[in-house]
$ cat start36.txt   # compact mmCIF, C-alpha atoms
# COMPACT_ATOMS: atom_id res chain seq x y z
CA MET A 1 55.88 61.59 73.83
CA LYS A 2 52.15 61.10 73.17
CA ASN A 3 51.33 64.33 75.04
CA ASN A 4 53.83 66.42 73.09
CA TYR A 5 52.54 68.46 70.16
CA CYS A 6 53.99 70.89 67.64
CA ILE A 7 52.32 73.88 65.95
CA ILE A 8 54.11 75.16 62.84
CA MET A 9 53.00 78.60 61.66
CA CYS A 10 53.02 78.66 57.88
CA GLY A 11 50.71 81.44 56.71
CA GLY A 12 53.05 84.35 55.95
CA ILE A 13 53.63 85.87 52.52
CA GLY A 14 57.37 86.43 53.01
CA SER A 15 57.24 89.69 51.07
CA ARG A 16 60.74 90.73 52.16
CA PHE A 17 62.08 87.91 49.93
CA TRP A 18 60.39 89.24 46.80
CA PRO A 19 60.67 88.35 43.99
CA PHE A 20 61.66 84.81 45.06
CA SER A 21 58.84 84.71 47.58
CA ARG A 22 55.55 85.53 45.86
CA GLU A 23 52.00 85.62 47.15
CA ASN A 24 51.12 82.41 45.29
CA GLN A 25 54.23 80.60 46.61
CA PRO A 26 55.76 82.19 49.74
CA LYS A 27 59.26 81.52 50.99
CA GLN A 28 58.33 78.68 53.38
CA PHE A 29 57.47 76.54 50.34
CA LEU A 30 60.79 77.23 48.58
CA ASP A 31 64.05 75.30 48.55
CA PHE A 32 66.44 78.18 49.14
CA PHE A 33 69.59 76.11 49.52
CA GLY A 34 69.19 73.50 46.79
CA VAL A 35 68.88 70.61 49.26
CA GLY A 36 65.69 69.19 47.79
CA ARG A 37 63.50 70.25 50.74
CA SER A 38 61.60 73.46 51.32
CA LEU A 39 61.91 75.44 54.56
CA LEU A 40 58.54 74.01 55.67
CA GLN A 41 59.59 70.45 54.90
CA MET A 42 62.88 70.93 56.77
CA THR A 43 60.97 72.26 59.79
CA VAL A 44 58.63 69.25 59.87
CA ASP A 45 61.54 66.84 59.35
CA ARG A 46 63.31 68.40 62.32
CA PHE A 47 60.41 68.17 64.78
CA ALA A 48 59.41 64.67 63.62
CA ASN A 49 62.55 63.41 65.37
CA ILE A 50 61.03 64.10 68.79
CA ILE A 51 57.29 64.70 68.19
CA PRO A 52 54.95 61.97 66.84
CA MET A 53 54.06 62.86 63.25
CA GLU A 54 50.36 62.65 64.06
CA ASN A 55 50.87 65.39 66.70
CA ILE A 56 52.36 67.94 64.28
CA TYR A 57 49.93 70.62 63.09
CA ILE A 58 50.40 73.17 60.31
CA VAL A 59 48.46 76.44 60.54
CA THR A 60 48.31 78.26 57.22
CA ASN A 61 46.11 80.50 55.13
CA GLN A 62 43.45 78.55 53.27
CA LYS A 63 44.90 79.63 49.90
CA TYR A 64 48.02 77.54 50.70
CA ALA A 65 46.14 74.34 51.54
CA SER A 66 47.15 72.58 48.33
CA LEU A 67 50.81 73.60 48.68
CA VAL A 68 50.97 72.21 52.23
CA LYS A 69 49.31 68.96 51.23
CA GLU A 70 51.59 68.61 48.22
CA GLN A 71 54.74 69.12 50.25
CA LEU A 72 53.60 67.15 53.33
CA PRO A 73 51.63 64.18 51.98
CA LEU A 74 52.10 62.18 55.20
CA LEU A 75 49.97 64.61 57.20
CA LYS A 76 46.26 63.89 57.55
CA GLU A 77 43.80 66.52 56.42
CA GLU A 78 42.86 67.38 60.01
CA GLN A 79 46.50 68.23 60.78
CA VAL A 80 46.38 71.19 58.39
CA LEU A 81 44.42 74.00 60.05
CA LEU A 82 43.30 76.63 57.55
CA GLU A 83 42.90 80.31 58.45
CA PRO A 84 40.21 82.12 56.45
CA ALA A 85 41.98 85.46 57.03
CA ARG A 86 45.37 86.77 58.19
CA ARG A 87 45.21 87.86 61.81
CA ASN A 88 48.85 87.61 62.96
CA THR A 89 50.28 85.00 65.32
CA ALA A 90 48.00 85.24 68.37
CA PRO A 91 44.76 84.11 66.67
CA CYS A 92 46.77 81.60 64.61
CA ILE A 93 48.16 80.01 67.77
CA ALA A 94 44.82 80.18 69.59
CA TYR A 95 43.11 78.27 66.76
CA ALA A 96 45.65 75.45 66.96
CA VAL A 97 45.68 75.38 70.76
CA TYR A 98 41.89 75.04 70.97
CA HIS A 99 42.01 72.23 68.41
CA ILE A 100 44.76 70.39 70.30
CA LYS A 101 42.96 70.87 73.62
CA ALA A 102 39.97 69.06 72.11
CA CYS A 103 42.28 66.23 71.03
CA ASN A 104 44.32 65.94 74.22
CA PRO A 105 43.63 68.02 77.37
CA ASP A 106 47.10 67.11 78.72
CA ALA A 107 49.02 68.41 75.72
CA ASN A 108 52.39 70.14 75.96
CA ILE A 109 53.04 72.28 72.90
CA VAL A 110 55.97 73.78 71.03
CA VAL A 111 55.14 76.57 68.58
CA ALA A 112 57.57 77.45 65.80
CA PRO A 113 57.67 79.40 62.53
CA SER A 114 58.16 77.44 59.32
CA ASP A 115 61.11 79.45 58.00
CA HIS A 116 63.93 79.12 60.54
CA LEU A 117 67.32 77.60 59.84
CA ILE A 118 68.89 75.42 62.53
CA LEU A 119 72.53 74.47 62.01
CA LYS A 120 73.06 72.39 65.18
CA GLU A 121 70.05 70.12 65.04
CA GLU A 122 70.94 67.80 67.92
CA GLU A 123 71.38 70.73 70.30
CA PHE A 124 68.08 72.18 69.09
CA LEU A 125 66.15 68.95 69.64
CA SER A 126 67.71 68.54 73.08
CA ALA A 127 66.60 72.07 74.02
CA ILE A 128 63.04 71.44 72.80
CA SER A 129 62.79 68.14 74.71
CA LYS A 130 64.09 69.77 77.87
CA GLY A 131 61.64 72.66 77.45
CA LEU A 132 58.65 70.36 76.96
CA ASP A 133 59.56 68.51 80.18
CA PHE A 134 59.73 71.86 81.99
CA VAL A 135 56.33 73.20 80.89
CA LYS A 136 54.72 69.83 81.62
CA THR A 137 55.07 70.45 85.34
CA LYS A 138 55.37 74.26 85.56
CA SER A 139 52.60 76.75 84.84
CA CYS A 140 54.79 79.01 82.76
CA LEU A 141 55.22 80.32 79.25
CA LEU A 142 58.63 79.40 77.88
CA THR A 143 60.52 80.99 75.01
CA LEU A 144 63.90 80.20 73.51
CA GLY A 145 66.40 83.05 73.76
CA ILE A 146 69.27 82.92 71.27
CA LYS A 147 72.70 84.02 72.44
CA PRO A 148 73.47 87.00 70.16
CA SER A 149 76.54 86.91 67.96
CA ARG A 150 76.34 90.59 66.98
CA ALA A 151 74.41 93.80 67.62
CA GLU A 152 71.48 92.99 65.33
CA THR A 153 68.65 95.51 64.77
CA SER A 154 66.24 93.22 62.90
CA TYR A 155 65.46 90.93 65.87
CA GLY A 156 63.54 91.47 69.08
CA TYR A 157 65.43 91.06 72.37
CA ILE A 158 64.65 89.36 75.69
CA GLN A 159 66.30 90.47 78.91
CA ARG A 160 66.99 87.80 81.48
CA SER A 161 66.53 88.30 85.22
CA ASP A 162 68.50 86.81 88.10
CA SER A 163 65.70 84.37 88.93
CA VAL A 164 66.42 80.83 87.71
CA THR A 165 64.25 77.70 88.09
CA ASP A 166 65.62 74.30 87.04
CA GLY A 167 68.03 76.02 84.68
CA PHE A 168 65.35 78.22 83.09
CA THR A 169 65.62 81.98 83.52
CA LYS A 170 62.70 84.25 84.34
CA VAL A 171 62.25 86.95 81.72
CA LYS A 172 62.62 90.56 82.81
CA THR A 173 61.69 92.52 79.68
CA PHE A 174 60.95 92.21 75.97
CA THR A 175 62.20 94.85 73.55
CA GLU A 176 61.16 95.03 69.90
CA LYS A 177 63.74 95.71 67.19
CA PRO A 178 66.12 98.33 68.67
CA ASN A 179 68.15 100.97 66.88
CA GLU A 180 71.87 100.40 66.29
CA GLU A 181 73.00 102.17 69.45
CA LEU A 182 70.62 100.26 71.70
CA ALA A 183 71.40 96.95 69.97
CA GLU A 184 75.09 97.54 70.73
CA VAL A 185 74.28 98.15 74.40
CA PHE A 186 72.19 94.96 74.52
CA PHE A 187 74.91 92.90 72.87
CA LYS A 188 77.67 94.10 75.18
CA SER A 189 75.61 93.73 78.36
CA GLY A 190 75.32 89.94 78.16
CA GLU A 191 71.81 90.21 79.65
CA PHE A 192 69.89 90.24 76.38
CA PHE A 193 69.08 87.39 74.00
CA TRP A 194 67.46 87.36 70.57
CA ASN A 195 63.78 86.50 70.60
CA SER A 196 63.58 83.32 68.51
CA GLY A 197 59.78 83.30 68.17
CA ILE A 198 59.76 79.68 69.39
CA PHE A 199 57.46 79.07 72.35
CA LEU A 200 56.61 76.14 74.63
CA TRP A 201 53.76 75.71 77.10
CA ASN A 202 51.13 73.39 78.48
CA VAL A 203 47.77 73.72 76.78
CA ASP A 204 45.99 74.94 79.93
CA THR A 205 48.69 77.49 80.75
CA ILE A 206 48.43 79.21 77.37
CA LEU A 207 44.62 79.10 77.41
CA ASP A 208 44.65 80.82 80.82
CA ALA A 209 46.95 83.48 79.34
CA PHE A 210 44.63 84.06 76.39
CA ARG A 211 41.66 84.50 78.71
CA LYS A 212 43.60 86.96 80.87
CA PHE A 213 45.38 89.06 78.25
CA LEU A 214 43.50 88.50 74.97
CA PRO A 215 39.86 87.94 75.95
CA ASP A 216 38.74 89.19 72.52
CA VAL A 217 40.39 86.06 71.10
CA SER A 218 39.50 83.53 73.79
CA ALA A 219 35.87 84.65 74.08
CA ARG A 220 35.40 84.14 70.36
CA PHE A 221 36.86 80.61 70.45
CA ASP A 222 35.16 79.70 73.73
CA LEU A 223 31.84 80.20 71.95
CA GLY A 224 32.57 77.08 69.92
CA ALA A 225 34.89 75.13 72.23
CA ASP A 226 32.73 72.02 71.76
CA LYS A 227 33.06 72.25 67.98
CA PHE A 228 36.83 71.81 67.79
CA ASN A 229 38.01 68.43 66.51
CA THR A 230 34.52 67.77 65.15
CA PRO A 231 33.03 68.13 61.64
CA GLU A 232 31.64 71.52 62.76
CA GLU A 233 35.07 73.06 63.35
CA THR A 234 35.65 74.31 59.80
CA ALA A 235 32.34 76.16 59.63
CA PHE A 236 32.86 77.67 63.07
CA ILE A 237 36.33 78.96 62.13
CA ALA A 238 35.05 80.33 58.83
CA GLU A 239 32.39 82.31 60.67
CA ASN A 240 34.42 83.51 63.66
CA PHE A 241 38.15 83.73 62.90
CA SER A 242 37.96 87.05 61.06
CA TYR A 243 36.54 88.74 64.16
CA CYS A 244 39.77 88.14 66.09
CA PRO A 245 42.05 91.18 66.52
CA ASN A 246 45.17 91.36 64.37
CA ILE A 247 47.85 90.98 67.04
CA SER A 248 51.03 89.01 67.63
CA ILE A 249 51.52 86.57 70.49
CA ASP A 250 54.50 88.65 71.63
CA TYR A 251 52.53 91.89 72.02
CA GLY A 252 49.33 90.24 73.16
CA ILE A 253 50.63 87.81 75.78
CA MET A 254 54.38 87.36 76.19
CA GLU A 255 55.13 91.01 76.98
CA ASN A 256 52.32 91.17 79.55
CA ALA A 257 52.50 87.86 81.42
CA ASP A 258 54.50 87.51 84.64
CA ASN A 259 55.14 83.77 84.28
CA VAL A 260 57.43 83.95 81.22
CA TYR A 261 60.70 82.02 81.31
CA MET A 262 63.53 81.75 78.83
CA GLN A 263 65.80 78.91 77.88
CA CYS A 264 69.13 80.43 76.86
CA VAL A 265 70.38 78.50 73.83
CA ASP A 266 72.94 78.58 71.06
CA PHE A 267 72.23 76.05 68.30
CA GLY A 268 73.10 77.89 65.12
CA TRP A 269 69.77 79.65 64.66
CA ALA A 270 68.84 82.03 61.86
CA ASP A 271 65.50 83.68 61.18
CA LEU A 272 65.34 83.68 57.39
CA GLY A 273 63.30 86.86 57.29
CA THR A 274 65.39 88.97 54.91
CA TRP A 275 67.87 88.74 52.06
CA GLY A 276 70.43 90.01 54.56
CA ALA A 277 69.81 86.98 56.77
CA ILE A 278 70.44 84.68 53.82
CA PHE A 279 73.63 86.58 52.99
CA ASP A 280 74.87 86.16 56.56
CA ILE A 281 74.72 82.36 56.45
CA ALA A 282 75.43 81.65 52.78
CA THR A 283 78.76 80.43 51.41
CA ARG A 284 80.76 83.35 49.95
CA ASP A 285 83.27 83.57 47.12
CA GLU A 286 86.61 85.40 47.16
CA GLY A 287 84.78 88.71 46.64
CA ASN A 288 82.46 88.00 49.59
CA ASN A 289 79.55 87.44 47.20
CA ALA A 290 76.82 84.95 48.08
CA VAL A 291 75.56 83.15 44.97
CA LEU A 292 72.52 80.89 45.46
CA LYS A 293 71.58 78.03 43.16
CA THR A 294 72.69 79.66 39.93
CA LYS A 295 75.62 80.15 37.58
CA ALA A 296 77.35 83.50 38.00
CA MET A 297 80.40 85.32 36.72
CA LEU A 298 81.40 88.30 38.85
CA TYR A 299 84.06 90.87 37.99
CA LYS A 300 85.16 93.55 40.44
CA ALA A 301 81.98 92.78 42.35
CA GLU A 302 81.90 92.55 46.15
CA ASN A 303 79.51 91.79 49.00
CA ASN A 304 76.54 91.01 46.74
CA ILE A 305 73.84 88.37 47.07
CA VAL A 306 72.79 86.80 43.77
CA ALA A 307 69.77 84.51 43.47
CA LEU A 308 68.06 83.31 40.27
CA SER A 309 65.17 80.88 40.22
CA ASP A 310 66.46 79.14 37.07
CA PRO A 311 69.68 77.26 37.98
CA ASN A 312 70.62 77.04 34.30
CA ARG A 313 70.56 80.78 33.70
CA LEU A 314 73.90 82.60 33.72
CA VAL A 315 74.25 86.01 35.35
CA VAL A 316 77.27 88.23 34.64
CA ILE A 317 77.89 91.10 37.05
CA GLN A 318 80.57 93.74 36.81
CA GLY A 319 81.33 96.51 39.26
CA LEU A 320 78.45 96.03 41.71
CA LYS A 321 79.08 96.28 45.44
CA ASP A 322 76.65 95.60 48.29
CA TYR A 323 73.65 94.76 46.10
CA ILE A 324 70.84 92.22 45.96
CA VAL A 325 70.36 90.73 42.49
CA ALA A 326 67.33 88.44 42.55
CA GLU A 327 65.26 87.14 39.67
CA SER A 328 62.20 84.91 39.71
CA GLY A 329 59.41 84.50 37.20
CA ASN A 330 58.54 87.87 35.69
CA VAL A 331 60.54 90.06 38.10
CA LEU A 332 64.20 91.04 38.29
CA LEU A 333 65.22 92.97 41.42
CA ILE A 334 68.46 94.95 41.64
CA CYS A 335 68.59 96.73 44.97
CA GLU A 336 71.17 98.04 47.43
CA LYS A 337 71.40 95.62 50.36
CA GLU A 338 71.01 98.41 52.89
CA LYS A 339 67.75 99.44 51.18
CA GLU A 340 66.06 96.05 51.31
CA SER A 341 63.54 97.41 53.81
CA PHE A 342 61.98 99.21 50.80
CA ILE A 343 61.10 95.95 49.05
CA LYS A 344 57.54 96.05 50.37
CA ASN A 345 57.21 99.51 48.84
CA TYR A 346 58.45 98.18 45.49
CA ILE A 347 55.78 95.46 45.57
CA ALA A 348 53.07 98.00 46.32
CA ASP A 349 54.28 100.30 43.55
CA ALA A 350 54.37 97.41 41.06
CA GLN A 351 50.78 96.52 41.91
CA ILE A 352 49.64 100.11 41.44
CA ARG A 353 51.43 100.54 38.13
CA PHE A 354 51.14 97.09 36.57
CA GLY A 355 48.51 95.11 38.50
CA ASP A 356 48.65 91.91 40.57
CA ALA A 357 50.80 89.90 38.14
CA PHE A 358 53.99 91.01 39.89
CA LYS A 359 53.12 90.55 43.56

$ encode --input "start36.txt" --output "structure tokens"
Amino acid sequence: MKNNYCIIMCGGIGSRFWPFSRENQPKQFLDFFGVGRSLLQMTVDRFANIIPMENIYIVTNQKYASLVKEQLPLLKEEQVLLEPARRNTAPCIAYAVYHIKACNPDANIVVAPSDHLILKEEEFLSAISKGLDFVKTKSCLLTLGIKPSRAETSYGYIQRSDSVTDGFTKVKTFTEKPNEELAEVFFKSGEFFWNSGIFLWNVDTILDAFRKFLPDVSARFDLGADKFNTPEETAFIAENFSYCPNISIDYGIMENADNVYMQCVDFGWADLGTWGAIFDIATRDEGNNAVLKTKAMLYKAENNIVALSDPNRLVVIQGLKDYIVAESGNVLLICEKEKESFIKNYIADAQIRFGDAFK
């Protein structure tokens, strides 16, 4: 286990969950389900079952340093890697990988977002352990493909090939979020799996991939390879990180590499990226309404999601159907569920009209 490491990406704003998720406290730091643990804390708890706590790293924006330390007091300061700017997942992952390489050149790494829900934890941990054993001896990039339960348009898809090694399937293609017609074709074919955004690899394998496909990133970090895991690391990152291109690991590496494999899994996974995703997994009442952590009285109301930050506040709703009703701090949002993709526009408009107090 000493060679197994975990990188948890924790720098996003989570704007699609506005107004619950705000720039000063994004969704990964919130307790959505009233269980007493935030999404970030639940993610760390999960991986700590199979990864030594000292080998778990959080990569986040420097403005969230105090939130991470407050929620994860058992982590040492050097386990919280702070990004001075937002540059998407590829530079985020590269930063952590270079740091881990300096700590342990034999490291095997699992990379995961901080905002996923896993319902079947034992199956999940078994899949991660099996994947880490696979990448330890194989020079490949491994991703977890989720068996789809519906034709979903908000997830990326991975197509499997007929080539299988030790139970792991070679990836044929990646497809970003498809339209409804294409998603239906993918779902019915049985060849396509949802892209979970969870990756596993050996430290040298992913560094080789960065140097081949994202040299703008690797060249920048190679300049200071001897500074990682030293007192000079923070200054080096502050000076160089912002020069990295803004690009995801999927676009930059996974879609281009020819050594990508997939582990086909089904462990009750949900990417909590939208209000719709929360609605899908939440407990519903007789009117198919999902009410989160609040008191509500609903009359002739159907298929709504209701979420208030104050559990003692009562909301009374009459006649609404297929709406999001969400209130937090100084913002109340009432929006058709099918229009939730416009939430980012609402945030931008609020900033223009009323300033930064509502973002």

$ residues_around --input "start36.txt" --residues "Asn304 of chain A" --least-positions-apart "6" --cutoff "12 Å" --atoms "all atoms listed in the file" --output "number ranges by chain"
A: 275-276, 278-280, 282-292, 296, 298, 317-326, 334-338

$ closest_residue --input "start36.txt" --among "A:Ser341, A:Gln41, A:Thr234, A:Thr169" --to "Leu117 of chain A" --atoms "all atoms listed in the file"
A:Gln41

$ residues_around --input "start36.txt" --residues "Ala112 of chain A" --least-positions-apart "5" --cutoff "8 Å" --atoms "all atoms listed in the file" --output "NGL selection string"
:A and (6-9 or 197-199)

$ residues_around --input "start36.txt" --residues "Thr294 of chain A" --least-positions-apart "3" --cutoff "9 Å" --atoms "only C-alpha atoms" --output "CSV table (one decimal) with C-alpha atoms, in the frame of the given file"
chain,number,residue,atom,x,y,z
A,291,VAL,CA,75.6,83.2,45.0
A,306,VAL,CA,72.8,86.8,43.8
A,307,ALA,CA,69.8,84.5,43.5
A,308,LEU,CA,68.1,83.3,40.3
A,309,SER,CA,65.2,80.9,40.2
A,310,ASP,CA,66.5,79.1,37.1
A,311,PRO,CA,69.7,77.3,38.0
A,312,ASN,CA,70.6,77.0,34.3
A,313,ARG,CA,70.6,80.8,33.7
A,314,LEU,CA,73.9,82.6,33.7
A,315,VAL,CA,74.2,86.0,35.4

$ residues_around --input "start36.txt" --residues "Ile128 of chain A" --least-positions-apart "2" --cutoff "12 Å" --atoms "all atoms listed in the file" --output "ChimeraX atom specification"
/A:4-6,46-51,108-112,121-126,130-135,142-144,198-201,262-265,267

$ closest_residue --input "start36.txt" --among "A:Ala238, A:Phe33, A:Val164, A:Leu74" --to "Asn61 of chain A" --atoms "only C-alpha atoms"
A:Ala238

$ atom_distance --input "start36.txt" --atom1 "atom CA of Ala277 of chain A" --atom2 "atom CA of Arg22 of chain A"
18.0 Å

$ atom_distance --input "start36.txt" --atom1 "atom CA of Ile58 of chain A" --atom2 "atom CA of Ile146 of chain A"
23.9 Å

$ axis_aligned_box --input "start36.txt" --around "segment 60-71 of chain A" --padding-each-side "6 Å" --output "lines of an AutoDock Vina configuration file"
center_x = 49.1
center_y = 74.6
center_z = 52.7
size_x = 23.3
size_y = 23.9
size_z = 21.0

$ closest_residue --input "start36.txt" --among "A:Phe228, A:Ser149, A:Gly167, A:Lys359" --to "Asn345 of chain A" --atoms "all atoms listed in the file"
A:Lys359

$ closest_residue --input "start36.txt" --among "A:Phe32, A:Ser196, A:Thr137, A:Pro91" --to "Phe221 of chain A" --atoms "all atoms listed in the file"
A:Pro91

$ atom_distance --input "start36.txt" --atom1 "atom CA of Leu332 of chain A" --atom2 "atom CA of Ser21 of chain A"
12.5 Å

$ residues_around --input "start36.txt" --residues "Gly268 of chain A" --least-positions-apart "5" --cutoff "8 Å" --atoms "only C-alpha atoms" --output "PyMOL selection string"
chain A and resi 117-120

$ closest_residue --input "start36.txt" --among "A:Glu181, A:Asp250, A:Glu340, A:Glu191" --to "Leu214 of chain A" --atoms "only C-alpha atoms"
A:Asp250

$ closest_residue --input "start36.txt" --among "A:Ala94, A:Val203, A:Val217, A:Ala151" --to "Val59 of chain A" --atoms "only C-alpha atoms"
A:Ala94

$ residues_near_point --input "start36.txt" --point "(55.7, 90.0, 76.9)" --cutoff "10 Å" --atoms "all atoms listed in the file" --output "PDB file with C-alpha atoms, in the frame of the given file"
ATOM      1  CA  LEU A 141      55.220  80.320  79.250  1.00  0.00           C
ATOM      2  CA  ILE A 158      64.650  89.360  75.690  1.00  0.00           C
ATOM      3  CA  VAL A 171      62.250  86.950  81.720  1.00  0.00           C
ATOM      4  CA  LYS A 172      62.620  90.560  82.810  1.00  0.00           C
ATOM      5  CA  THR A 173      61.690  92.520  79.680  1.00  0.00           C
ATOM      6  CA  PHE A 174      60.950  92.210  75.970  1.00  0.00           C
ATOM      7  CA  THR A 175      62.200  94.850  73.550  1.00  0.00           C
ATOM      8  CA  ILE A 249      51.520  86.570  70.490  1.00  0.00           C
ATOM      9  CA  ASP A 250      54.500  88.650  71.630  1.00  0.00           C
ATOM     10  CA  TYR A 251      52.530  91.890  72.020  1.00  0.00           C
ATOM     11  CA  GLY A 252      49.330  90.240  73.160  1.00  0.00           C
ATOM     12  CA  ILE A 253      50.630  87.810  75.780  1.00  0.00           C
ATOM     13  CA  MET A 254      54.380  87.360  76.190  1.00  0.00           C
ATOM     14  CA  GLU A 255      55.130  91.010  76.980  1.00  0.00           C
ATOM     15  CA  ASN A 256      52.320  91.170  79.550  1.00  0.00           C
ATOM     16  CA  ALA A 257      52.500  87.860  81.420  1.00  0.00           C
ATOM     17  CA  ASP A 258      54.500  87.510  84.640  1.00  0.00           C
ATOM     18  CA  ASN A 259      55.140  83.770  84.280  1.00  0.00           C
ATOM     19  CA  VAL A 260      57.430  83.950  81.220  1.00  0.00           C
TER      20      VAL A 260
END
